[in-house]
Amino acid sequence: MKSLEHESKNCWDVYASEQDRAAMDALAAGYVSFLSTCKTEREVMRYVRERLAAAGYAESPNGDFTGDACFRIFKGKTVFIARKGKRPLSEGFRLLGAHADSPRLDLKQRPLYEDCSVSQAKTHYYGGIRKHQWLARALALHGVVVKADGTAVEVVIGEDPADPVFTIPDLLPHLAYKQMEQKLADAFEAEKLNIIMGHAPAGSDGATVEGKACDPSDVKCKLKSQVLTLLNKRYGITESDLYSAELQAVPAGPARYVGLDSALIGGYGHDDRICVYAGLEALLAAEQPEHTQIVLFWDKEEIGSEGSTGASSKFFEYCLEDLIHAWEPGARASRVLDASKAVSADVNAALDPDYQDVHEKLNACLIGHGPTLNKFTGHRGKVGASDAHPEYVAWVRNVLDGAGVPWQMAELGKVDLGGGGTVAKFLAKYGMDIIDFGPPVLSMHSPLELASKADLYATMLAYKAFLES
């Protein structure tokens, strides 16, 4: 007799066979490598381009889609991927959308200065961070510097073991009594998230200032000058070039397995690169679909999905218009969208064993119990949310149950304790059904987030089932 009550299943019990565990380990190993090297949106798009090209997808930079599998990368930060199904495009598509950006520290446009015998760089944090988590830890610089002539210079410092790393100094406890009495929101000021870039003055290694050899006794031979000299030697850039740069300070070092059993993956950027990776793997592993498959990886979700590479832009519309023109010229975009189904592939907050009081436990998700359906996000009275219709929730449940994939349902914490948003509302405006769906994560938005190997495997299989539905 079928149970009248519902309990989520532990993925470790569902995927207990030797074959499943081997597949799980292989997927996790690939993900650890991906997460270790793809720490910016541009690096994610470079990886996606390489994987798609190897799988035979044709790149169409101008939107002139040809062939049955194609993609377009826009401004190096967002991508539209399409694969033709057996049914015509007018019968709708299956769309999976995730975001490739993660919270971080951006260098300001004029970042470099010196004080108290150190050279530092000013930052402006990006997305929802807890400022104190970024202090006194090893940081790396990733990004691009574009010179006035249009030459783009890729920058990565702090990942190679031979590289130096960077850090933001923290206040010693002996002098932090006043700070410890403050509210957490007031104790750590954004303008004090300044990265140490150097300490030795110019002059000892042939540095120059204003085109002349440096004399260490010259007041112009400063710490900032030394930092600029080193950057110029390594990348051929000047301080003016930093005005047209995107440099991000991110946690240095590779992702790692966590725990004696290596069952958890610890790293920077699970939100939302675990969904990017799982979605891409699902697409490449799926059989020829009934419906057209579309996968979108956006930028700017962590700051509201604004801008030309965010989900609120017209990029998706323009790509769909070009796809209809190439694959079914007589189709109407409104009809195609109305017939389509979508998943906002984004992570959810796992029930934290030490902070259970911020969750409503009947509607919280457990790490290791599979990807989480989130009917709505938003904050407090569901403000800013896309609330999935019950008919669609039932349809998704049926797809997952038919594929034997464990799943759970949750909301993002107690009603009045906070909240968040996703890209779902930007796709819902077209009339298509959509729901948020992704793996649970501990320590979300921290420099070392935690995700389960079992959840990664189940999420990939869930996305594969959806794309093949």
# chains A, B, ... in the order shown; residues from 1 in each chain; ligands from 1

$ closest_atom_pairs --of "range 242-284 of chain A" --to "range 149-168 of chain A" --cutoff "8 Å" --atoms "only C-alpha atoms" --output "CSV"
residue,atom,partner,partner_atom,distance
A:Leu247,CA,A:Val155,CA,7.8
A:Ala252,CA,A:Glu159,CA,5.9
A:Gly253,CA,A:Glu159,CA,5.6
A:Pro254,CA,A:Glu159,CA,7.9

$ write_last_selection --atoms "C-alpha atoms" --output "compact mmCIF listing (two decimals), in the first residue's frame"
# COMPACT_ATOMS: atom_id res chain seq x y z
CA LEU A 247 39.11 42.47 -11.44
CA ALA A 252 42.30 31.45 -3.43
CA GLY A 253 42.92 27.76 -3.89
CA PRO A 254 41.05 24.72 -5.19

$ select_by_dssp --residues "range 143-290 of chain A" --states "strand (DSSP E)" --output "PyMOL selection string"
chain A and resi 143-146+152-157+195-198+208-209+212-213+245-251+256-258+264-267

$ residues_around --residues "Asp352 in chain A" --least-positions-apart "5" --cutoff "9 Å" --atoms "only C-alpha atoms" --output "list of chain:residue names"
A:Asp357, A:Val358, A:His359, A:Leu366, A:Ile367, A:Leu442, A:Ser443

$ write_last_selection --atoms "all heavy atoms" --output "compact mmCIF listing (two decimals), in the first residue's frame"
# COMPACT_ATOMS: atom_id res chain seq x y z
N ASP A 357 17.04 27.27 14.16
CA ASP A 357 15.97 28.18 14.56
C ASP A 357 15.60 29.18 13.46
O ASP A 357 14.52 29.79 13.53
CB ASP A 357 16.37 28.95 15.83
CG ASP A 357 17.68 29.71 15.65
OD1 ASP A 357 18.66 29.09 15.19
OD2 ASP A 357 17.74 30.90 16.00
N VAL A 358 16.45 29.36 12.42
CA VAL A 358 16.10 30.30 11.36
C VAL A 358 15.27 29.61 10.27
O VAL A 358 14.81 30.27 9.32
CB VAL A 358 17.35 30.94 10.73
CG1 VAL A 358 18.13 31.70 11.78
CG2 VAL A 358 18.23 29.91 10.03
N HIS A 359 15.10 28.31 10.39
CA HIS A 359 14.29 27.55 9.44
C HIS A 359 12.96 27.14 10.08
O HIS A 359 12.87 27.01 11.30
CB HIS A 359 15.03 26.28 9.00
CG HIS A 359 16.31 26.53 8.27
ND1 HIS A 359 16.38 26.66 6.91
CD2 HIS A 359 17.58 26.68 8.74
CE1 HIS A 359 17.64 26.87 6.55
NE2 HIS A 359 18.39 26.90 7.64
N LEU A 366 17.02 19.12 3.54
CA LEU A 366 18.17 18.47 4.17
C LEU A 366 19.25 18.20 3.14
O LEU A 366 18.96 17.73 2.03
CB LEU A 366 17.74 17.15 4.81
CG LEU A 366 16.79 17.23 6.01
CD1 LEU A 366 16.29 15.84 6.38
CD2 LEU A 366 17.47 17.89 7.19
N ILE A 367 20.48 18.49 3.49
CA ILE A 367 21.58 18.19 2.60
C ILE A 367 21.68 16.67 2.43
O ILE A 367 21.50 15.91 3.39
CB ILE A 367 22.89 18.80 3.11
CG1 ILE A 367 23.92 18.87 1.99
CG2 ILE A 367 23.43 18.07 4.33
CD1 ILE A 367 25.05 19.83 2.25
N LEU A 442 25.00 24.31 2.30
CA LEU A 442 25.31 24.89 3.61
C LEU A 442 26.32 26.02 3.43
O LEU A 442 27.13 26.00 2.50
CB LEU A 442 25.89 23.83 4.55
CG LEU A 442 24.91 22.78 5.10
CD1 LEU A 442 25.68 21.64 5.78
CD2 LEU A 442 23.93 23.42 6.09
N SER A 443 26.28 27.01 4.33
CA SER A 443 27.18 28.17 4.29
C SER A 443 27.07 28.94 2.99
O SER A 443 28.07 29.43 2.45
CB SER A 443 28.64 27.73 4.52
OG SER A 443 28.82 27.16 5.79

$ select_by_dssp --residues "range 127-193 of chain A" --states "alpha helix (DSSP H)" --output "list of chain:residue names"
A:Tyr177, A:Lys178, A:Gln179, A:Met180, A:Leu184, A:Ala185, A:Asp186, A:Ala187

$ residues_around --residues "range 382-390 of chain A" --least-positions-apart "6" --cutoff "12 Å" --atoms "only C-alpha atoms" --output "VMD selection string"
chain A and resid 304 341 to 344 373 to 376 396 to 397 411 to 412 414 to 416 418 to 437

$ residues_around --residues "range 291-302 of chain A" --least-positions-apart "5" --cutoff "6 Å" --atoms "only C-alpha atoms" --output "PDB file with N, CA and C atoms, in the first residue's frame"
ATOM      1  N   LYS A  77      29.823  36.601 -20.926  1.00  0.00           N
ATOM      2  CA  LYS A  77      29.297  36.426 -19.576  1.00  0.00           C
ATOM      3  C   LYS A  77      27.994  35.648 -19.507  1.00  0.00           C
ATOM      4  N   THR A  78      27.337  35.443 -20.634  1.00  0.00           N
ATOM      5  CA  THR A  78      26.075  34.706 -20.626  1.00  0.00           C
ATOM      6  C   THR A  78      25.995  33.881 -21.905  1.00  0.00           C
ATOM      7  N   VAL A  79      25.244  32.779 -21.862  1.00  0.00           N
ATOM      8  CA  VAL A  79      25.190  31.890 -23.013  1.00  0.00           C
ATOM      9  C   VAL A  79      23.780  31.350 -23.219  1.00  0.00           C
ATOM     10  N   PHE A  80      23.407  31.214 -24.479  1.00  0.00           N
ATOM     11  CA  PHE A  80      22.154  30.600 -24.909  1.00  0.00           C
ATOM     12  C   PHE A  80      22.527  29.346 -25.684  1.00  0.00           C
ATOM     13  N   ILE A  81      21.994  28.191 -25.251  1.00  0.00           N
ATOM     14  CA  ILE A  81      22.293  26.909 -25.890  1.00  0.00           C
ATOM     15  C   ILE A  81      20.973  26.284 -26.335  1.00  0.00           C
ATOM     16  N   ALA A  82      20.927  25.763 -27.555  1.00  0.00           N
ATOM     17  CA  ALA A  82      19.698  25.143 -28.059  1.00  0.00           C
ATOM     18  C   ALA A  82      20.022  23.829 -28.758  1.00  0.00           C
ATOM     19  N   ARG A  83      19.113  22.866 -28.579  1.00  0.00           N
ATOM     20  CA  ARG A  83      19.228  21.561 -29.226  1.00  0.00           C
ATOM     21  C   ARG A  83      17.855  21.177 -29.757  1.00  0.00           C
ATOM     22  N   LYS A  84      17.778  20.886 -31.027  1.00  0.00           N
ATOM     23  CA  LYS A  84      16.498  20.619 -31.670  1.00  0.00           C
ATOM     24  C   LYS A  84      15.889  19.315 -31.171  1.00  0.00           C
ATOM     25  N   GLY A  85      14.561  19.341 -30.954  1.00  0.00           N
ATOM     26  CA  GLY A  85      13.839  18.154 -30.534  1.00  0.00           C
ATOM     27  C   GLY A  85      13.130  17.481 -31.698  1.00  0.00           C
ATOM     28  N   ARG A  87       9.919  17.118 -31.896  1.00  0.00           N
ATOM     29  CA  ARG A  87       8.704  17.881 -32.167  1.00  0.00           C
ATOM     30  C   ARG A  87       9.070  19.288 -32.637  1.00  0.00           C
ATOM     31  N   PHE A  93       9.332  24.303 -25.723  1.00  0.00           N
ATOM     32  CA  PHE A  93      10.666  23.790 -25.411  1.00  0.00           C
ATOM     33  C   PHE A  93      10.783  23.527 -23.918  1.00  0.00           C
ATOM     34  N   ARG A  94      11.862  22.870 -23.535  1.00  0.00           N
ATOM     35  CA  ARG A  94      12.218  22.680 -22.133  1.00  0.00           C
ATOM     36  C   ARG A  94      13.419  23.581 -21.867  1.00  0.00           C
ATOM     37  N   LEU A  95      13.274  24.501 -20.936  1.00  0.00           N
ATOM     38  CA  LEU A  95      14.326  25.487 -20.668  1.00  0.00           C
ATOM     39  C   LEU A  95      14.867  25.325 -19.258  1.00  0.00           C
ATOM     40  N   LEU A  96      16.180  25.262 -19.156  1.00  0.00           N
ATOM     41  CA  LEU A  96      16.859  25.248 -17.858  1.00  0.00           C
ATOM     42  C   LEU A  96      17.736  26.487 -17.779  1.00  0.00           C
ATOM     43  N   GLY A  97      17.502  27.324 -16.771  1.00  0.00           N
ATOM     44  CA  GLY A  97      18.272  28.558 -16.613  1.00  0.00           C
ATOM     45  C   GLY A  97      18.978  28.603 -15.271  1.00  0.00           C
ATOM     46  N   ALA A  98      20.262  28.902 -15.278  1.00  0.00           N
ATOM     47  CA  ALA A  98      21.051  29.048 -14.054  1.00  0.00           C
ATOM     48  C   ALA A  98      21.886  30.324 -14.176  1.00  0.00           C
ATOM     49  N   HIS A  99      22.594  30.671 -13.119  1.00  0.00           N
ATOM     50  CA  HIS A  99      23.442  31.868 -13.200  1.00  0.00           C
ATOM     51  C   HIS A  99      24.885  31.525 -12.870  1.00  0.00           C
ATOM     52  N   ALA A 100      25.795  32.191 -13.563  1.00  0.00           N
ATOM     53  CA  ALA A 100      27.221  31.880 -13.456  1.00  0.00           C
ATOM     54  C   ALA A 100      27.970  32.823 -12.533  1.00  0.00           C
ATOM     55  N   ASP A 101      27.320  33.869 -12.032  1.00  0.00           N
ATOM     56  CA  ASP A 101      27.999  34.803 -11.142  1.00  0.00           C
ATOM     57  C   ASP A 101      27.852  34.363  -9.688  1.00  0.00           C
ATOM     58  N   GLY A 127      27.036  41.447  -4.555  1.00  0.00           N
ATOM     59  CA  GLY A 127      26.112  40.430  -4.059  1.00  0.00           C
ATOM     60  C   GLY A 127      26.054  40.417  -2.542  1.00  0.00           C
ATOM     61  N   THR A 309      23.641  41.454 -19.575  1.00  0.00           N
ATOM     62  CA  THR A 309      23.924  40.018 -19.493  1.00  0.00           C
ATOM     63  C   THR A 309      23.123  39.336 -18.384  1.00  0.00           C
ATOM     64  N   GLY A 310      22.176  40.050 -17.790  1.00  0.00           N
ATOM     65  CA  GLY A 310      21.317  39.476 -16.755  1.00  0.00           C
ATOM     66  C   GLY A 310      20.026  38.940 -17.340  1.00  0.00           C
TER      67      GLY A 310
END

$ closest_atom_pairs --of "range 135-244 of chain A" --to "range 104-108 of chain A" --cutoff "12 Å" --atoms "only C-alpha atoms" --output "JSON lines"
{"residue": "A:Leu135", "atom": "CA", "partner": "A:Leu105", "partner_atom": "CA", "distance": 11.3}
{"residue": "A:Leu139", "atom": "CA", "partner": "A:Leu105", "partner_atom": "CA", "distance": 9.8}
{"residue": "A:Ala140", "atom": "CA", "partner": "A:Leu105", "partner_atom": "CA", "distance": 10.5}
{"residue": "A:Leu141", "atom": "CA", "partner": "A:Leu107", "partner_atom": "CA", "distance": 9.2}
{"residue": "A:His142", "atom": "CA", "partner": "A:Asp106", "partner_atom": "CA", "distance": 9.7}
{"residue": "A:Gly143", "atom": "CA", "partner": "A:Asp106", "partner_atom": "CA", "distance": 9.6}
{"residue": "A:Val144", "atom": "CA", "partner": "A:Leu107", "partner_atom": "CA", "distance": 11.5}
{"residue": "A:Val145", "atom": "CA", "partner": "A:Leu107", "partner_atom": "CA", "distance": 11.6}
{"residue": "A:Thr167", "atom": "CA", "partner": "A:Leu105", "partner_atom": "CA", "distance": 11.5}
{"residue": "A:Ile168", "atom": "CA", "partner": "A:Leu105", "partner_atom": "CA", "distance": 10.9}
{"residue": "A:Ala190", "atom": "CA", "partner": "A:Leu105", "partner_atom": "CA", "distance": 10.1}
{"residue": "A:Glu191", "atom": "CA", "partner": "A:Lys108", "partner_atom": "CA", "distance": 10.8}
{"residue": "A:Lys192", "atom": "CA", "partner": "A:Leu105", "partner_atom": "CA", "distance": 11.9}
{"residue": "A:Leu193", "atom": "CA", "partner": "A:Leu105", "partner_atom": "CA", "distance": 8.5}
{"residue": "A:Asn194", "atom": "CA", "partner": "A:Leu107", "partner_atom": "CA", "distance": 9.1}
{"residue": "A:Ile195", "atom": "CA", "partner": "A:Leu107", "partner_atom": "CA", "distance": 9.0}
{"residue": "A:Ile196", "atom": "CA", "partner": "A:Leu107", "partner_atom": "CA", "distance": 12.0}
{"residue": "A:Met197", "atom": "CA", "partner": "A:Leu107", "partner_atom": "CA", "distance": 11.7}
{"residue": "A:Leu242", "atom": "CA", "partner": "A:Lys108", "partner_atom": "CA", "distance": 8.6}
{"residue": "A:Tyr243", "atom": "CA", "partner": "A:Lys108", "partner_atom": "CA", "distance": 8.4}
{"residue": "A:Ser244", "atom": "CA", "partner": "A:Lys108", "partner_atom": "CA", "distance": 10.5}

$ write_last_selection --atoms "N, CA and C atoms" --output "mmCIF file, in the first residue's frame"
data_model
loop_
_atom_site.group_PDB
_atom_site.id
_atom_site.type_symbol
_atom_site.label_atom_id
_atom_site.label_comp_id
_atom_site.auth_asym_id
_atom_site.auth_seq_id
_atom_site.Cartn_x
_atom_site.Cartn_y
_atom_site.Cartn_z
ATOM 1 N N LEU A 135 37.652 38.490 5.654
ATOM 2 C CA LEU A 135 38.846 39.030 6.288
ATOM 3 C C LEU A 135 39.839 37.915 6.629
ATOM 4 N N LEU A 139 43.245 35.367 -0.711
ATOM 5 C CA LEU A 139 42.419 35.764 -1.849
ATOM 6 C C LEU A 139 43.252 35.744 -3.126
ATOM 7 N N ALA A 140 42.581 35.497 -4.222
ATOM 8 C CA ALA A 140 43.206 35.555 -5.546
ATOM 9 C C ALA A 140 42.515 36.630 -6.369
ATOM 10 N N LEU A 141 43.222 37.155 -7.354
ATOM 11 C CA LEU A 141 42.650 38.126 -8.288
ATOM 12 C C LEU A 141 42.406 37.451 -9.630
ATOM 13 N N HIS A 142 41.158 37.539 -10.110
ATOM 14 C CA HIS A 142 40.779 37.027 -11.423
ATOM 15 C C HIS A 142 40.096 38.152 -12.182
ATOM 16 N N GLY A 143 40.268 38.162 -13.492
ATOM 17 C CA GLY A 143 39.519 39.138 -14.269
ATOM 18 C C GLY A 143 40.175 39.501 -15.576
ATOM 19 N N VAL A 144 39.771 40.637 -16.097
ATOM 20 C CA VAL A 144 40.265 41.106 -17.389
ATOM 21 C C VAL A 144 40.536 42.602 -17.307
ATOM 22 N N VAL A 145 41.631 43.006 -17.943
ATOM 23 C CA VAL A 145 41.973 44.422 -18.095
ATOM 24 C C VAL A 145 41.967 44.723 -19.590
ATOM 25 N N THR A 167 45.213 39.474 0.752
ATOM 26 C CA THR A 167 44.368 39.319 1.937
ATOM 27 C C THR A 167 43.885 40.673 2.431
ATOM 28 N N ILE A 168 42.851 40.640 3.251
ATOM 29 C CA ILE A 168 42.337 41.826 3.928
ATOM 30 C C ILE A 168 42.650 41.657 5.406
ATOM 31 N N ALA A 190 32.178 48.379 4.833
ATOM 32 C CA ALA A 190 32.510 48.011 3.455
ATOM 33 C C ALA A 190 33.757 48.738 2.965
ATOM 34 N N GLU A 191 33.936 50.000 3.386
ATOM 35 C CA GLU A 191 35.091 50.764 2.910
ATOM 36 C C GLU A 191 36.399 50.312 3.552
ATOM 37 N N LYS A 192 36.315 49.373 4.500
ATOM 38 C CA LYS A 192 37.531 48.822 5.102
ATOM 39 C C LYS A 192 37.865 47.434 4.555
ATOM 40 N N LEU A 193 37.158 47.014 3.524
ATOM 41 C CA LEU A 193 37.501 45.754 2.868
ATOM 42 C C LEU A 193 38.577 46.033 1.815
ATOM 43 N N ASN A 194 39.757 46.403 2.296
ATOM 44 C CA ASN A 194 40.854 46.818 1.434
ATOM 45 C C ASN A 194 41.929 45.740 1.393
ATOM 46 N N ILE A 195 42.304 45.343 0.185
ATOM 47 C CA ILE A 195 43.194 44.204 -0.012
ATOM 48 C C ILE A 195 44.650 44.660 0.003
ATOM 49 N N ILE A 196 45.482 43.946 0.740
ATOM 50 C CA ILE A 196 46.921 44.238 0.747
ATOM 51 C C ILE A 196 47.541 43.734 -0.545
ATOM 52 N N MET A 197 48.183 44.674 -1.263
ATOM 53 C CA MET A 197 48.773 44.360 -2.564
ATOM 54 C C MET A 197 50.299 44.271 -2.520
ATOM 55 N N LEU A 242 43.335 50.322 -15.454
ATOM 56 C CA LEU A 242 42.450 49.780 -14.424
ATOM 57 C C LEU A 242 41.050 50.398 -14.477
ATOM 58 N N TYR A 243 40.946 51.561 -15.121
ATOM 59 C CA TYR A 243 39.620 52.154 -15.283
ATOM 60 C C TYR A 243 38.734 51.299 -16.190
ATOM 61 N N SER A 244 39.333 50.564 -17.098
ATOM 62 C CA SER A 244 38.575 49.678 -17.990
ATOM 63 C C SER A 244 38.919 48.224 -17.679
#

$ residues_around --residues "range 182-187 of chain A" --least-positions-apart "4" --cutoff "9 Å" --atoms "only C-alpha atoms" --output "VMD selection string"
chain A and resid 130 to 132 178

$ write_last_selection --atoms "N, CA and C atoms" --output "mmCIF file, in the first residue's frame"
data_model
loop_
_atom_site.group_PDB
_atom_site.id
_atom_site.type_symbol
_atom_site.label_atom_id
_atom_site.label_comp_id
_atom_site.auth_asym_id
_atom_site.auth_seq_id
_atom_site.Cartn_x
_atom_site.Cartn_y
_atom_site.Cartn_z
ATOM 1 N N ARG A 130 28.625 38.241 3.778
ATOM 2 C CA ARG A 130 28.816 38.606 5.176
ATOM 3 C C ARG A 130 30.265 39.068 5.278
ATOM 4 N N LYS A 131 30.448 40.355 5.484
ATOM 5 C CA LYS A 131 31.756 40.980 5.290
ATOM 6 C C LYS A 131 32.870 40.324 6.105
ATOM 7 N N HIS A 132 32.573 39.935 7.337
ATOM 8 C CA HIS A 132 33.635 39.412 8.194
ATOM 9 C C HIS A 132 34.220 38.109 7.670
ATOM 10 N N LYS A 178 35.580 47.368 21.499
ATOM 11 C CA LYS A 178 34.505 48.244 21.051
ATOM 12 C C LYS A 178 33.764 47.622 19.870
#

$ closest_residue --among "A:His445, A:Leu283, A:Asn363, A:Lys464" --to "Gly404 in chain A" --atoms "only C-alpha atoms"
A:Lys464
